[in-house]
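What follows is start.txt (compact mmCIF, C-alpha atoms).
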# COMPACT_ATOMS: atom_id res chain seq x y z
CA MET A 4 1.44 10.08 0.88
CA SER A 5 5.05 11.11 0.56
CA ASN A 6 7.52 8.78 -1.07
CA HIS A 7 10.66 8.27 1.00
CA LEU A 8 12.61 6.43 -1.67
CA THR A 9 15.97 8.11 -2.14
CA GLN A 10 19.07 7.01 -3.96
CA HIS A 11 20.81 6.68 -0.58
CA ARG A 12 18.09 4.41 0.88
CA ILE A 13 18.00 2.32 -2.28
CA ALA A 14 21.79 1.93 -2.26
CA ALA A 15 21.68 0.89 1.41
CA ALA A 16 18.92 -1.66 0.73
CA LEU A 17 20.83 -3.13 -2.20
CA ALA A 18 24.03 -3.28 -0.16
CA ALA A 19 22.23 -5.25 2.57
CA VAL A 20 21.34 -8.21 0.33
CA THR A 21 23.29 -10.64 -1.78
CA GLN A 22 22.64 -10.27 -5.48
CA PRO A 23 21.56 -13.48 -7.22
CA GLU A 24 24.17 -15.19 -9.35
CA GLY A 25 24.08 -14.77 -13.11
CA GLU A 26 23.05 -11.13 -12.95
CA ARG A 27 24.97 -8.05 -14.03
CA PRO A 28 26.20 -6.35 -10.83
CA TRP A 29 23.75 -3.65 -9.79
CA THR A 30 26.57 -1.12 -9.63
CA LEU A 31 27.21 -1.66 -13.36
CA LEU A 32 23.64 -1.13 -14.52
CA LEU A 33 23.27 1.88 -16.82
CA THR A 34 19.58 2.36 -15.97
CA LYS A 35 18.45 4.31 -12.92
CA PRO A 36 16.61 2.41 -10.19
CA PRO A 37 12.83 2.54 -10.61
CA LEU A 38 11.18 5.07 -8.31
CA THR A 39 7.55 4.42 -9.28
CA HIS A 40 5.32 1.40 -9.01
CA ALA A 41 4.84 1.30 -12.78
CA ASP A 42 8.58 1.34 -13.49
CA ALA A 43 9.27 -1.37 -10.91
CA ARG A 44 6.48 -3.58 -12.27
CA MET A 45 7.79 -3.10 -15.81
CA ALA A 46 11.29 -4.26 -14.83
CA ILE A 47 9.86 -7.28 -13.01
CA HIS A 48 7.52 -8.13 -15.88
CA ARG A 49 10.30 -7.84 -18.46
CA ARG A 50 12.11 -10.73 -16.74
CA ARG A 51 9.12 -12.98 -17.48
CA SER A 52 9.10 -12.09 -21.19
CA PRO A 53 12.40 -13.23 -22.74
CA ASP A 54 11.00 -12.75 -26.25
CA SER A 55 10.89 -8.99 -25.61
CA TRP A 56 14.49 -8.63 -24.45
CA PRO A 57 15.85 -7.86 -27.92
CA LEU A 58 13.35 -4.98 -28.18
CA PHE A 59 15.05 -3.36 -25.20
CA ARG A 60 18.53 -4.14 -26.56
CA THR A 61 19.31 -5.87 -23.31
CA ASP A 62 20.95 -9.13 -22.39
CA GLU A 63 19.68 -11.68 -19.89
CA ALA A 64 22.13 -10.72 -17.12
CA THR A 65 20.95 -7.10 -17.28
CA VAL A 66 17.24 -7.94 -17.39
CA LEU A 67 17.61 -10.23 -14.38
CA ALA A 68 19.58 -7.61 -12.44
CA GLU A 69 17.06 -4.86 -13.20
CA ALA A 70 14.21 -7.14 -12.08
CA SER A 71 15.84 -8.21 -8.80
CA ARG A 72 16.74 -4.58 -8.04
CA ALA A 73 13.14 -3.54 -8.79
CA GLU A 74 11.79 -6.20 -6.40
CA ILE A 75 13.97 -4.88 -3.59
CA ILE A 76 12.87 -1.30 -4.27
CA GLN A 77 9.22 -2.37 -4.43
CA GLU A 78 9.51 -4.03 -1.02
CA LEU A 79 11.20 -0.93 0.37
CA ALA A 80 8.27 1.19 -0.85
CA ARG A 81 5.76 -1.28 0.60
CA ARG A 82 7.58 -1.17 3.95
CA ASP A 83 7.30 2.63 3.88
CA GLY A 84 3.57 2.25 3.24
CA TYR A 85 3.09 0.00 6.25
CA LEU A 86 5.08 2.35 8.47
CA ALA A 87 3.04 5.35 7.27
CA ALA A 88 -0.19 3.46 8.00
CA LEU A 89 0.98 2.47 11.47
CA SER A 90 1.93 6.06 12.20
CA ALA A 91 -1.48 7.25 10.98
CA ALA A 92 -3.19 4.60 13.13
CA GLU A 93 -1.23 5.81 16.15
CA HIS A 94 -2.34 9.39 15.48
CA ILE A 95 -5.98 8.38 15.00
CA LEU A 96 -6.03 6.24 18.16
CA SER A 97 -4.39 8.96 20.23
CA THR A 98 -6.85 11.66 19.15
CA THR A 99 -10.21 9.99 18.47
CA PRO A 100 -12.91 10.58 21.08
CA VAL A 101 -14.09 6.95 20.74
CA LEU A 102 -11.94 3.85 20.66
CA PRO A 103 -12.63 1.34 17.89
CA THR A 104 -13.06 -2.39 18.34
CA ASP A 105 -10.19 -3.02 15.93
CA VAL A 106 -7.91 -1.32 13.41
CA ASP A 107 -6.72 -3.18 10.34
CA VAL A 108 -3.74 -2.01 8.28
CA ARG A 109 -4.04 -2.95 4.63
CA LEU A 110 -1.54 -2.39 1.90
CA ALA A 111 -2.69 -2.71 -1.65
CA PRO A 112 -0.07 -2.58 -4.38
CA TRP A 113 2.52 0.12 -3.91
CA ASP A 114 0.73 2.65 -6.10
CA ALA A 115 -2.51 2.50 -4.12
CA GLY A 116 -0.84 3.16 -0.79
CA PRO A 117 -1.84 2.00 2.68
CA HIS A 118 -5.38 1.92 3.97
CA LEU A 119 -6.74 1.77 7.52
CA VAL A 120 -9.98 -0.05 8.23
CA ILE A 121 -11.44 0.95 11.59
CA ASN A 122 -14.32 -1.05 13.03
CA PHE A 123 -16.78 -0.01 15.73
CA HIS A 124 -18.74 -3.15 16.63
CA LYS A 125 -22.48 -2.40 16.36
CA ASP A 126 -21.94 1.20 17.49
CA PRO A 127 -23.33 3.78 15.03
CA ALA A 128 -22.91 6.58 17.58
CA ALA A 129 -19.17 5.86 17.68
CA VAL A 130 -18.91 6.15 13.87
CA HIS A 131 -20.76 9.48 14.00
CA ALA A 132 -18.49 10.77 16.79
CA PHE A 133 -15.41 9.60 14.89
CA ALA A 134 -16.61 11.31 11.69
CA ALA A 135 -17.40 14.53 13.53
CA HIS A 136 -13.93 14.55 15.07
CA PHE A 137 -12.15 13.98 11.73
CA GLY A 138 -14.49 16.15 9.67
CA THR A 139 -15.87 13.43 7.41
CA GLU A 140 -19.39 12.58 6.26
CA VAL A 141 -21.29 9.48 7.39
CA SER A 142 -23.28 7.37 4.97
CA GLU A 143 -25.53 4.36 5.41
CA VAL A 144 -25.51 1.65 2.77
CA PRO A 145 -27.19 -1.75 2.60
CA HIS A 146 -24.61 -4.38 3.44
CA SER A 147 -26.22 -7.76 3.23
CA GLU A 148 -29.69 -9.06 3.75
CA GLY A 149 -30.76 -7.78 7.12
CA SER A 150 -27.83 -5.44 7.80
CA VAL A 151 -26.74 -1.87 7.14
CA ARG A 152 -23.19 -0.54 7.01
CA ILE A 153 -22.69 2.88 8.57
CA GLU A 154 -19.39 4.28 7.33
CA THR A 155 -17.16 7.27 6.91
CA THR A 156 -14.03 7.62 4.82
CA GLY A 157 -11.20 10.11 4.65
CA ILE A 158 -7.52 10.76 4.25
CA THR A 159 -5.14 11.65 7.06
CA GLU A 160 -2.86 14.68 6.88
CA THR A 161 -0.07 12.32 5.83
CA GLY A 162 -2.10 10.91 2.94
CA VAL A 163 -3.17 7.58 4.45
CA ARG A 164 -6.71 6.58 3.47
CA PHE A 165 -9.06 5.36 6.19
CA GLU A 166 -12.55 4.01 6.52
CA ALA A 167 -14.43 3.64 9.78
CA TYR A 168 -17.58 1.59 9.93
CA THR A 169 -20.05 -0.46 11.87
CA LEU A 170 -22.66 -3.00 10.85
CA ILE A 171 -26.09 -2.93 12.37
CA ASP A 172 -29.33 -4.80 11.83
CA ALA A 173 -31.51 -3.23 9.17
CA PRO A 174 -34.78 -1.77 10.35
CA ALA A 175 -37.67 -4.20 10.13
CA VAL A 176 -39.94 -3.59 7.17
CA ALA A 177 -43.65 -3.39 8.01
CA GLU A 178 -45.75 -5.80 5.94
Target encoding structure tokens, full file:
Amino acid sequence: MSNHLTQHRIAAALAAVTQPEGERPWTLLLTKPPLTHADARMAIHRRRSPDSWPLFRTDEATVLAEASRAEIIQELARRDGYLAALSAAEHILSTTPVLPTDVDVRLAPWDAGPHLVINFHKDPAAVHAFAAHFGTEVSEVPHSEGSVRIETTGITETGVRFEAYTLIDAPAVAE
């Protein structure tokens, strides 16, 4: 999935909110804004560890400013993830030969990206048709006692992960 974070978008997002008091102004920070999940999490985590601040040769006002800036950037990235997933869902729904019962948009932490969960209620044929259309393999796995999950997984052209599935009753076992 492409990352749409740019210095211009980050500057616009920061300009749209009021910076908390007691922080060094974002415009005076010497560090670059974090552009990865790991860098953002590090800045946020550093705020919670005052004993480590001397290791970074940083004062409290700077640590707090870097953390609040990182939180804003993290939310901007998460918003991009949701929008990418919604766009992928729109593409899937407009091209699939079978309509699902429901589509769920999930967003794990920023680094994992968005994920679509597509359900076909008790309709294995629909999962097979969906998989054939999107060029993915279907597998059957035990789900819970008495049921089987028929599923297919893939990644859209824009990098959004998806899984389509249905649950059916497991075949009766002859005694």
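Distance check against A:Gly162 using only C-alpha atoms: of A:Pro174, A:Gly84, A:Pro127, A:Gly149, the minimum falls on A:Gly84.
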| task | Quick one: residues within 12 Å of (-10.7, 3.1, 18.9) (file frame), counting all atoms listed in the file, please, as a ChimeraX atom specification. | result | /A:92-107,120-124,126,129-130,132-133,167-168
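Of the residues under consideration (A:Leu79, A:Thr169, A:Gly157, A:Ala43), A:Gly157 shows the shortest atom-to-atom contact distance to A:His136 when counting all atoms listed in the file.
Our summary of the geometry notes that atom CA of A:His7 is positioned 14.3 Å from atom CA of A:Val163.
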| Near A:Pro145, within 10 Å and counting only C-alpha atoms, which residues show up once chain neighbours fewer than 5 positions away are dropped, as a PyMOL selection string? | chain A and resi 150-153+170-173
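Nearest to A:Glu69 of all the residues A:Asp42, A:Glu160, A:Glu154, A:Asp83 is A:Asp42, based on all atoms listed in the file.
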| Taking all atoms listed in the file into account, which of A:Val108, A:Ala15, A:Glu143, A:Thr65 comes nearest A:Leu89? | A:Val108
| said: Which residue is closest to A:Ala16? Choose from A:Leu110, A:Ala91, A:Ala80, A:Ala68 and count all atoms listed in the file. | reply: A:Ala80
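In terms of minimum interatomic distance to A:Leu86, A:Thr161 ranks closest within A:Ser142, A:Asp54, A:Trp29, A:Thr161, counting only C-alpha atoms.
Our summary of the geometry notes that atom CA of A:Glu24 is positioned 25.1 Å from atom CA of A:His40.
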| task | Quote the spacing between atom CA of A:Thr156 and atom CA of A:Arg81 in Å to one decimal place. | result | 22.1 Å
